[in-house]
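Visitor: Right, I'll just put the structure down here and ask away after.
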Amino acid sequence: MTTTSVETFSQKNVLLNGEWRENENGNRITLASPSNGKEIGSVPALTEKEVNEAVEAANTAQKEWAKTALHERKQLLFRWADNLVENKEVIGSMIMQEVAKKKSSAIDEVVRTADFIRHTAEEGLRLTGDLLTGDSYNGGPASKTAQVSRVPLGVVLAISPFNYPLNLSASKIAPALMTGNGVVFKPATQGSLSGIMMIEALEQAGLPEGLVNITTGRGSEIGDVLVTHKGIDQISFTGGSETGVSMSQKAGMVPLVLELGGKDPAIVLEDADLDKAAKEITGGAFSYSGQRCTAIKRVLVKEEAADELVAKLKEKVEALAVGQPEDDADITPLINEKSADNVESMIEEALDQGAELISGNERQGNLLAPTLLDKVTTDSRVAWEEPFGPVLPIIRVKGEEEAIQIANESEYGLQASVFTQDINAAHRIADQLEVGSVQLNGKTSRGPDHFPFLGVKNSGLGVQGVRYSLLSLSREKVKVLNE
Ligand code: NAP
Ligand code: G3P
């Protein structure tokens with residue numbers, strides 16, 4: 001495992017057809033730290049010809065891999081996980097530098113990814129099939145028996161976002177490999193150095209040549225070539241809704257799993273434990289500076305509880321450490337200036353429309369102070385759009401009906417939180433929310449990673465989560481025995 005020190009400039013190449021290679025024309029993308037603009041490394045910008053080579057190599061290697069025993073696949077994944085943990089500090093430091101994630105969270109992501117990989121390997125051993133007898137159907141013949149097994153789809157295109165450069169890449173690659181597929185891996189450009197280090201660990205674990213191929217390059221330049229390639233048999237994408245929806249229209253008959261944007265509401269009733277609600281909402285809204293799809297991105301609070309909740313939220317928000325990822329600050333610089341500009345514009349618009357500034361609204365470069373806005377109206381962009389930054393709008397509602405109506409009016413449907421001590425009210429509201437998952441008295445979040453994770457409406461298509469990913473990256477194969 002090359003333990004590149006991240007203090008040096010990391011000139012990385014791609015694993016293509018079993019070799020670590022530069023690209024043919026020498027074009028490279030230089031990556032800078034979002035925190036301080038320092039150049040930290042570069043990756044090749046692949047050409048269409050190299051993308052074709054990657055897909056072809058994955059198809060060739062997959063044929064042999066599909067015959068590999070399940071326990072051998074499991075052993076490869078376990079060695080991969082061990083290599084990641086062994087190098088968690090150096091890989092965590094790269095994540096920290098590349099996407100400005102606080103150091104402890106960056107290292108935690110490496111360990112979480114290793115846990116995910118091991119759980120996937122173990123669960124993959126138990127992807128049993130079915131055996132159906134014809135006479136179990138009314139009038140069916142006993143002479144027919146159906147043997148149903150699971151087989152790989154072929155080559156999986158794994159496209160990942162910047163905010164979890166390891167976890168949301170391995171969450172596609174590990175189940176793809178465990179079910180016998182080949183992989184073409186397109187990391188987010190800002191996250192590709194970390195993603196390449198993850199694959200270095202996989203190759204060191206004994207990855208068969210050509211089975212996983214890295215295609216770095218701007219999604220806007222090579223994305224369509226990848227998504228429409230005839231050698232791709234499944235697309236597993238995590239990223240923005242606009243990107244994902246456009247992709248779904250180009251992919252044709254290729255099965256897709258899309259994990260997209262969110263605008264998760266926290267609904268707070270007047271009987272809620274407000275100390276617990278304030279703690280959960282603060283963590284849910286502001287961890288990794290709000291750059292999580294599952295971040296709480298609006299609070300819908302009953303009028304009667306609003307003043308007390310806002311006071312508690314103010315106290316917690318103002319206790320958040322704002323600074324640099326290497327200092328383990330809670331709030332760190334956003335991924336780029338464009339993102340910071342977008343968040344700032346939403347805050348300014350809401351204030352112009354009469355929202356009350358409770359805390360924050362300060363900026364130094366890409367570093368924005370955690371911002372709490374009260375009495376936000378549904379006329380404001382921040383009530384509906386995904387800021388992907390440290391801003392939390394409070395919308396006051398008259399009752400649960402209004403809260404449900406505003407929650408469901410969103411184009412998104414990822415998760416929601418409901419805070420109340422009335423378990424009947426919690427279930428009543430949860431049953432009416434048009435989302436993938438509802439957290440009862442807890443912050444919205446994906447983990448633990450074996451839970452099903454899905455979005456509806458513009459938040460996604462299909463389901464992730466260990467077993468669900470294994471199923472979506474494989475298919476049934478039926479043999480009917482006729483006596
Ligand atoms: P993004 O801009 O949509 O990019 C996601 C990935 O898609 C990147 O690898 C990107 O490559 C690639 N891409 C861009 N254009 C493409 C195209 N035309 N064809 C194929 N691939 C293309 O998203 P992001 O900024 O990385 O992540 C933030 C967004 O992702 C937020 O909306 C967040 O809610 C969402 N997200 C959702 C989840 C979830 O599980 N639901 C998790 C994390 C993030 P480049 O980097 O080269 O542009
Ligand atoms: O945005 C990434 C998504 O997977 C969130 O994960 O565990 O932070 O809720 P988590």
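By convention here, the chains of the structure tokens are called A, B, ... in the order presented, each chain's residues are numbered starting at 1, and ligands are numbered starting at 1 in the order presented.
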If you count only C-alpha atoms and all ligand atoms, which residues end up within 10 Å of ligand 2, as a PyMOL selection string?
Guide: chain A and resi 109+112+161-165+167-168+171+238-239+259-262+284+287-288+290-296+388+415+443-449+453-454+464
Visitor: Can you list, as a PDB file with N, CA and C atoms, in the first residue's frame, every protein, DNA or RNA residue that comes within 7 Å of region 351-358 of chain A when you count only C-alpha atoms, leaving out same-chain residues fewer than 5 positions away?
Guide:
```pdb
ATOM      1  N   LYS A 314     -30.294  27.861  19.468  1.00  0.00           N
ATOM      2  CA  LYS A 314     -29.316  28.972  19.429  1.00  0.00           C
ATOM      3  C   LYS A 314     -28.105  28.632  20.293  1.00  0.00           C
ATOM      4  N   LEU A 372     -28.715  30.136  11.820  1.00  0.00           N
ATOM      5  CA  LEU A 372     -30.051  29.736  12.245  1.00  0.00           C
ATOM      6  C   LEU A 372     -31.016  30.871  11.906  1.00  0.00           C
ATOM      7  N   LEU A 373     -32.037  30.563  11.129  1.00  0.00           N
ATOM      8  CA  LEU A 373     -33.011  31.576  10.704  1.00  0.00           C
ATOM      9  C   LEU A 373     -34.376  31.199  11.261  1.00  0.00           C
ATOM     10  N   ASP A 374     -35.048  32.106  11.934  1.00  0.00           N
ATOM     11  CA  ASP A 374     -36.376  31.832  12.491  1.00  0.00           C
ATOM     12  C   ASP A 374     -37.429  32.563  11.651  1.00  0.00           C
ATOM     13  N   LYS A 375     -38.671  32.079  11.779  1.00  0.00           N
ATOM     14  CA  LYS A 375     -39.814  32.704  11.087  1.00  0.00           C
ATOM     15  C   LYS A 375     -39.568  32.822   9.581  1.00  0.00           C
ATOM     16  N   VAL A 376     -38.990  31.756   9.040  1.00  0.00           N
ATOM     17  CA  VAL A 376     -38.808  31.671   7.587  1.00  0.00           C
ATOM     18  C   VAL A 376     -40.161  31.363   6.960  1.00  0.00           C
TER      19      VAL A 376
END
```
Visitor: What lies within 12 Å of Gln147 (chain A) using only C-alpha atoms, ignoring chain neighbours under 5 positions off, as a list in words?
Guide: Thr128, Gly129, Asp130, Leu131, Leu132, Thr133, Gly134, Glu476, Lys477, Val478, Lys479, Val480, Leu481 and Asn482 of chain A
Visitor: Skipping near chain neighbours, those fewer than 5 positions away, what residues fall within 12 Å of Ala66 (chain A) using only C-alpha atoms, listed as a list in words?
Guide: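 Residues near the query, excluding close chain neighbours: Ala58, Asn59, Thr60, Ala61, Glu72, Arg73, Arg150, Val151, Pro152, Leu153, Gly154, Val155, Ala176, Leu177, Met178, Thr179, Gly180, Asn181, Gly182, Pro208, Leu211 and Ser474 of chain A.
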Visitor: Neighbours of Ser241 (chain A) within 10 Å (only C-alpha atoms; same-chain residues fewer than 4 positions away dropped), as a PyMOL selection string?
Guide: chain A and resi 245-247+258-262+386+411-412+457-460
Visitor: Let me see the file: selected residues, C-alpha atoms, as a short mmCIF file (atom, residue, chain, number, x, y, z; two decimals), in the first residue's frame.
Guide:
```cif
data_model
loop_
_atom_site.label_atom_id
_atom_site.label_comp_id
_atom_site.auth_asym_id
_atom_site.auth_seq_id
_atom_site.Cartn_x
_atom_site.Cartn_y
_atom_site.Cartn_z
CA VAL A 245 -32.58 12.77 -13.14
CA SER A 246 -30.74 13.71 -16.34
CA MET A 247 -28.79 10.44 -16.13
CA LEU A 258 -29.98 6.64 -7.73
CA GLU A 259 -29.36 8.22 -4.31
CA LEU A 260 -30.00 11.91 -4.82
CA GLY A 261 -30.64 15.16 -2.99
CA GLY A 262 -32.80 15.79 0.05
CA GLU A 386 -31.05 22.06 -0.86
CA GLU A 411 -39.75 17.83 -4.63
CA TYR A 412 -37.58 15.69 -2.35
CA LYS A 457 -39.58 11.63 -5.73
CA ASN A 458 -36.42 13.56 -6.71
CA SER A 459 -34.45 11.96 -3.87
CA GLY A 460 -33.80 8.71 -5.64
#
```
Visitor: Would you please work out which residue, of A:Asp224, A:Asp328, A:Glu385, A:Glu434, is nearest to ligand 1 when using only C-alpha atoms and all ligand atoms?
Guide: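 Checking each of A:Asp224, A:Asp328, A:Glu385, A:Glu434 against ligand 1, counting only C-alpha atoms and all ligand atoms, the winner is A:Asp224.
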Visitor: Select from region 315-400 of chain A everything DSSP, run on the backbone, classes as alpha helix (DSSP H), then give the selection as a PyMOL selection string.
Guide: chain A and resi 315-318+337-352+400
Visitor: Give me the residues within 12 Å of Asn361 (chain A) as an mmCIF file with all heavy atoms, in the first residue's frame, counting only C-alpha atoms and dropping any in the same chain fewer than 6 places off.
Guide:
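Saved the output as around13.cif:
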```cif
data_model
loop_
_atom_site.group_PDB
_atom_site.id
_atom_site.type_symbol
_atom_site.label_atom_id
_atom_site.label_comp_id
_atom_site.auth_asym_id
_atom_site.auth_seq_id
_atom_site.Cartn_x
_atom_site.Cartn_y
_atom_site.Cartn_z
ATOM 1 N N GLU A 318 -24.394 27.997 18.674
ATOM 2 C CA GLU A 318 -23.299 28.914 19.018
ATOM 3 C C GLU A 318 -22.152 28.206 19.734
ATOM 4 O O GLU A 318 -21.066 28.736 19.879
ATOM 5 C CB GLU A 318 -23.851 30.101 19.824
ATOM 6 C CG GLU A 318 -24.688 31.003 18.915
ATOM 7 C CD GLU A 318 -25.307 32.200 19.609
ATOM 8 O OE1 GLU A 318 -25.322 32.225 20.865
ATOM 9 O OE2 GLU A 318 -25.804 33.091 18.888
ATOM 10 N N ALA A 340 -20.545 27.952 -1.500
ATOM 11 C CA ALA A 340 -20.627 28.971 -0.437
ATOM 12 C C ALA A 340 -21.460 30.168 -0.905
ATOM 13 O O ALA A 340 -22.295 30.693 -0.156
ATOM 14 C CB ALA A 340 -19.219 29.421 -0.036
ATOM 15 N N VAL A 343 -25.206 29.174 -0.764
ATOM 16 C CA VAL A 343 -25.757 29.171 0.601
ATOM 17 C C VAL A 343 -25.962 30.604 1.079
ATOM 18 O O VAL A 343 -27.031 30.970 1.598
ATOM 19 C CB VAL A 343 -24.818 28.413 1.558
ATOM 20 C CG1 VAL A 343 -25.325 28.513 2.996
ATOM 21 C CG2 VAL A 343 -24.693 26.945 1.145
ATOM 22 N N GLU A 344 -24.962 31.438 0.829
ATOM 23 C CA GLU A 344 -25.051 32.843 1.281
ATOM 24 C C GLU A 344 -26.241 33.546 0.614
ATOM 25 O O GLU A 344 -26.981 34.302 1.260
ATOM 26 C CB GLU A 344 -23.750 33.570 0.942
ATOM 27 C CG GLU A 344 -23.646 34.958 1.564
ATOM 28 C CD GLU A 344 -22.274 35.575 1.326
ATOM 29 O OE1 GLU A 344 -21.741 35.488 0.189
ATOM 30 O OE2 GLU A 344 -21.714 36.154 2.288
ATOM 31 N N SER A 345 -26.466 33.227 -0.666
ATOM 32 C CA SER A 345 -27.575 33.908 -1.368
ATOM 33 C C SER A 345 -28.930 33.493 -0.790
ATOM 34 O O SER A 345 -29.860 34.297 -0.682
ATOM 35 C CB SER A 345 -27.522 33.572 -2.863
ATOM 36 O OG SER A 345 -27.852 32.198 -3.079
ATOM 37 N N MET A 346 -29.035 32.222 -0.366
ATOM 38 C CA MET A 346 -30.304 31.786 0.235
ATOM 39 C C MET A 346 -30.554 32.485 1.575
ATOM 40 O O MET A 346 -31.675 32.871 1.907
ATOM 41 C CB MET A 346 -30.272 30.268 0.452
ATOM 42 C CG MET A 346 -30.426 29.448 -0.791
ATOM 43 S SD MET A 346 -30.710 27.722 -0.299
ATOM 44 C CE MET A 346 -30.163 26.895 -1.765
ATOM 45 N N ILE A 347 -29.483 32.640 2.345
ATOM 46 C CA ILE A 347 -29.614 33.312 3.651
ATOM 47 C C ILE A 347 -30.054 34.754 3.436
ATOM 48 O O ILE A 347 -31.017 35.238 4.055
ATOM 49 C CB ILE A 347 -28.272 33.261 4.420
ATOM 50 C CG1 ILE A 347 -27.919 31.828 4.809
ATOM 51 C CG2 ILE A 347 -28.327 34.160 5.665
ATOM 52 C CD1 ILE A 347 -26.501 31.655 5.330
ATOM 53 N N GLU A 348 -29.364 35.449 2.536
ATOM 54 C CA GLU A 348 -29.681 36.865 2.291
ATOM 55 C C GLU A 348 -31.134 37.031 1.807
ATOM 56 O O GLU A 348 -31.852 37.923 2.250
ATOM 57 C CB GLU A 348 -28.714 37.454 1.251
ATOM 58 C CG GLU A 348 -27.252 37.556 1.721
ATOM 59 C CD GLU A 348 -27.110 38.313 3.047
ATOM 60 O OE1 GLU A 348 -27.933 39.232 3.306
ATOM 61 O OE2 GLU A 348 -26.213 37.965 3.840
ATOM 62 N N GLU A 349 -31.561 36.137 0.910
ATOM 63 C CA GLU A 349 -32.930 36.250 0.389
ATOM 64 C C GLU A 349 -33.950 36.074 1.503
ATOM 65 O O GLU A 349 -34.920 36.838 1.627
ATOM 66 C CB GLU A 349 -33.174 35.187 -0.699
ATOM 67 C CG GLU A 349 -34.509 35.362 -1.406
ATOM 68 C CD GLU A 349 -35.241 34.048 -1.660
ATOM 69 O OE1 GLU A 349 -35.140 33.126 -0.812
ATOM 70 O OE2 GLU A 349 -35.907 33.965 -2.690
ATOM 71 N N ALA A 350 -33.713 35.075 2.382
ATOM 72 C CA ALA A 350 -34.669 34.821 3.481
ATOM 73 C C ALA A 350 -34.735 36.027 4.412
ATOM 74 O O ALA A 350 -35.818 36.446 4.845
ATOM 75 C CB ALA A 350 -34.248 33.575 4.248
ATOM 76 N N LEU A 351 -33.584 36.622 4.705
ATOM 77 C CA LEU A 351 -33.569 37.813 5.587
ATOM 78 C C LEU A 351 -34.280 38.977 4.923
ATOM 79 O O LEU A 351 -35.062 39.689 5.560
ATOM 80 C CB LEU A 351 -32.121 38.180 5.940
ATOM 81 C CG LEU A 351 -31.366 37.163 6.814
ATOM 82 C CD1 LEU A 351 -29.896 37.540 6.944
ATOM 83 C CD2 LEU A 351 -32.018 37.026 8.188
ATOM 84 N N LEU A 367 -15.658 29.397 4.252
ATOM 85 C CA LEU A 367 -16.071 29.059 5.619
ATOM 86 C C LEU A 367 -17.243 29.939 6.052
ATOM 87 O O LEU A 367 -17.115 31.148 6.202
ATOM 88 C CB LEU A 367 -14.897 29.248 6.580
ATOM 89 C CG LEU A 367 -15.124 28.888 8.049
ATOM 90 C CD1 LEU A 367 -15.535 27.422 8.200
ATOM 91 C CD2 LEU A 367 -13.855 29.176 8.873
ATOM 92 N N LEU A 368 -18.404 29.296 6.225
ATOM 93 C CA LEU A 368 -19.604 30.015 6.654
ATOM 94 C C LEU A 368 -19.936 29.635 8.090
ATOM 95 O O LEU A 368 -19.917 28.454 8.445
ATOM 96 C CB LEU A 368 -20.800 29.649 5.754
ATOM 97 C CG LEU A 368 -20.985 30.463 4.471
ATOM 98 C CD1 LEU A 368 -19.828 30.272 3.515
ATOM 99 C CD2 LEU A 368 -22.289 30.081 3.769
ATOM 100 N N ALA A 369 -20.295 30.624 8.896
ATOM 101 C CA ALA A 369 -20.704 30.342 10.270
ATOM 102 C C ALA A 369 -22.038 29.588 10.245
ATOM 103 O O ALA A 369 -22.861 29.823 9.358
ATOM 104 C CB ALA A 369 -20.864 31.645 11.031
ATOM 105 N N PRO A 370 -22.266 28.673 11.185
ATOM 106 C CA PRO A 370 -23.566 27.977 11.221
ATOM 107 C C PRO A 370 -24.672 29.004 11.446
ATOM 108 O O PRO A 370 -24.611 29.801 12.377
ATOM 109 C CB PRO A 370 -23.432 27.023 12.409
ATOM 110 C CG PRO A 370 -22.349 27.596 13.259
ATOM 111 C CD PRO A 370 -21.426 28.307 12.334
ATOM 112 N N THR A 371 -25.656 28.981 10.557
ATOM 113 C CA THR A 371 -26.669 30.038 10.546
ATOM 114 C C THR A 371 -28.056 29.494 10.843
ATOM 115 O O THR A 371 -28.492 28.519 10.235
ATOM 116 C CB THR A 371 -26.645 30.752 9.185
ATOM 117 O OG1 THR A 371 -25.355 31.348 9.011
ATOM 118 C CG2 THR A 371 -27.718 31.830 9.102
ATOM 119 N N LEU A 372 -28.715 30.136 11.820
ATOM 120 C CA LEU A 372 -30.051 29.736 12.245
ATOM 121 C C LEU A 372 -31.016 30.871 11.906
ATOM 122 O O LEU A 372 -30.789 32.020 12.309
ATOM 123 C CB LEU A 372 -30.042 29.483 13.758
ATOM 124 C CG LEU A 372 -31.229 28.801 14.412
ATOM 125 C CD1 LEU A 372 -31.502 27.446 13.785
ATOM 126 C CD2 LEU A 372 -30.991 28.640 15.920
ATOM 127 N N LEU A 373 -32.037 30.563 11.129
ATOM 128 C CA LEU A 373 -33.011 31.576 10.704
ATOM 129 C C LEU A 373 -34.376 31.199 11.261
ATOM 130 O O LEU A 373 -34.831 30.070 11.051
ATOM 131 C CB LEU A 373 -33.082 31.630 9.173
ATOM 132 C CG LEU A 373 -31.797 31.982 8.422
ATOM 133 C CD1 LEU A 373 -31.997 31.767 6.924
ATOM 134 C CD2 LEU A 373 -31.349 33.404 8.723
ATOM 135 N N GLY A 389 -25.167 23.196 2.957
ATOM 136 C CA GLY A 389 -24.296 24.069 3.735
ATOM 137 C C GLY A 389 -24.881 24.296 5.114
ATOM 138 O O GLY A 389 -25.992 23.818 5.400
ATOM 139 N N PRO A 390 -24.181 25.056 5.986
ATOM 140 C CA PRO A 390 -24.568 25.176 7.405
ATOM 141 C C PRO A 390 -25.640 26.224 7.647
ATOM 142 O O PRO A 390 -25.393 27.257 8.297
ATOM 143 C CB PRO A 390 -23.261 25.553 8.087
ATOM 144 C CG PRO A 390 -22.536 26.346 7.055
ATOM 145 C CD PRO A 390 -22.920 25.741 5.733
ATOM 146 N N VAL A 391 -26.838 25.998 7.115
ATOM 147 C CA VAL A 391 -27.947 26.932 7.356
ATOM 148 C C VAL A 391 -29.190 26.118 7.692
ATOM 149 O O VAL A 391 -29.447 25.076 7.086
ATOM 150 C CB VAL A 391 -28.200 27.839 6.125
ATOM 151 C CG1 VAL A 391 -28.484 27.029 4.867
ATOM 152 C CG2 VAL A 391 -29.355 28.783 6.406
ATOM 153 N N LEU A 392 -29.937 26.571 8.711
ATOM 154 C CA LEU A 392 -31.145 25.860 9.126
ATOM 155 C C LEU A 392 -32.321 26.831 9.259
ATOM 156 O O LEU A 392 -32.305 27.710 10.111
ATOM 157 C CB LEU A 392 -30.919 25.154 10.463
ATOM 158 C CG LEU A 392 -32.089 24.306 10.955
ATOM 159 C CD1 LEU A 392 -32.382 23.157 9.992
ATOM 160 C CD2 LEU A 392 -31.819 23.782 12.351
#
```
Visitor: From the set A:Ile331, A:Val268, A:Ala403, A:Val99, which residue has the shortest atom-to-atom contact distance to ligand 1, counting only C-alpha atoms and all ligand atoms?
Guide: A:Val99
Visitor: Using only C-alpha atoms, pick whichever of A:Val382, A:Val183, A:Leu470, A:Ile406 has the shortest atom-to-atom distance to Glu209 (chain A).
Guide: A:Val183
Visitor: Of the candidates A:Leu269, A:Arg79, A:Lys74, A:Pro333, which shows the shortest atom-to-atom distance to Ile429 (chain A), using only C-alpha atoms?
Guide: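 Among the listed residues, the smallest separation from Ile429 (chain A) belongs to A:Leu269.
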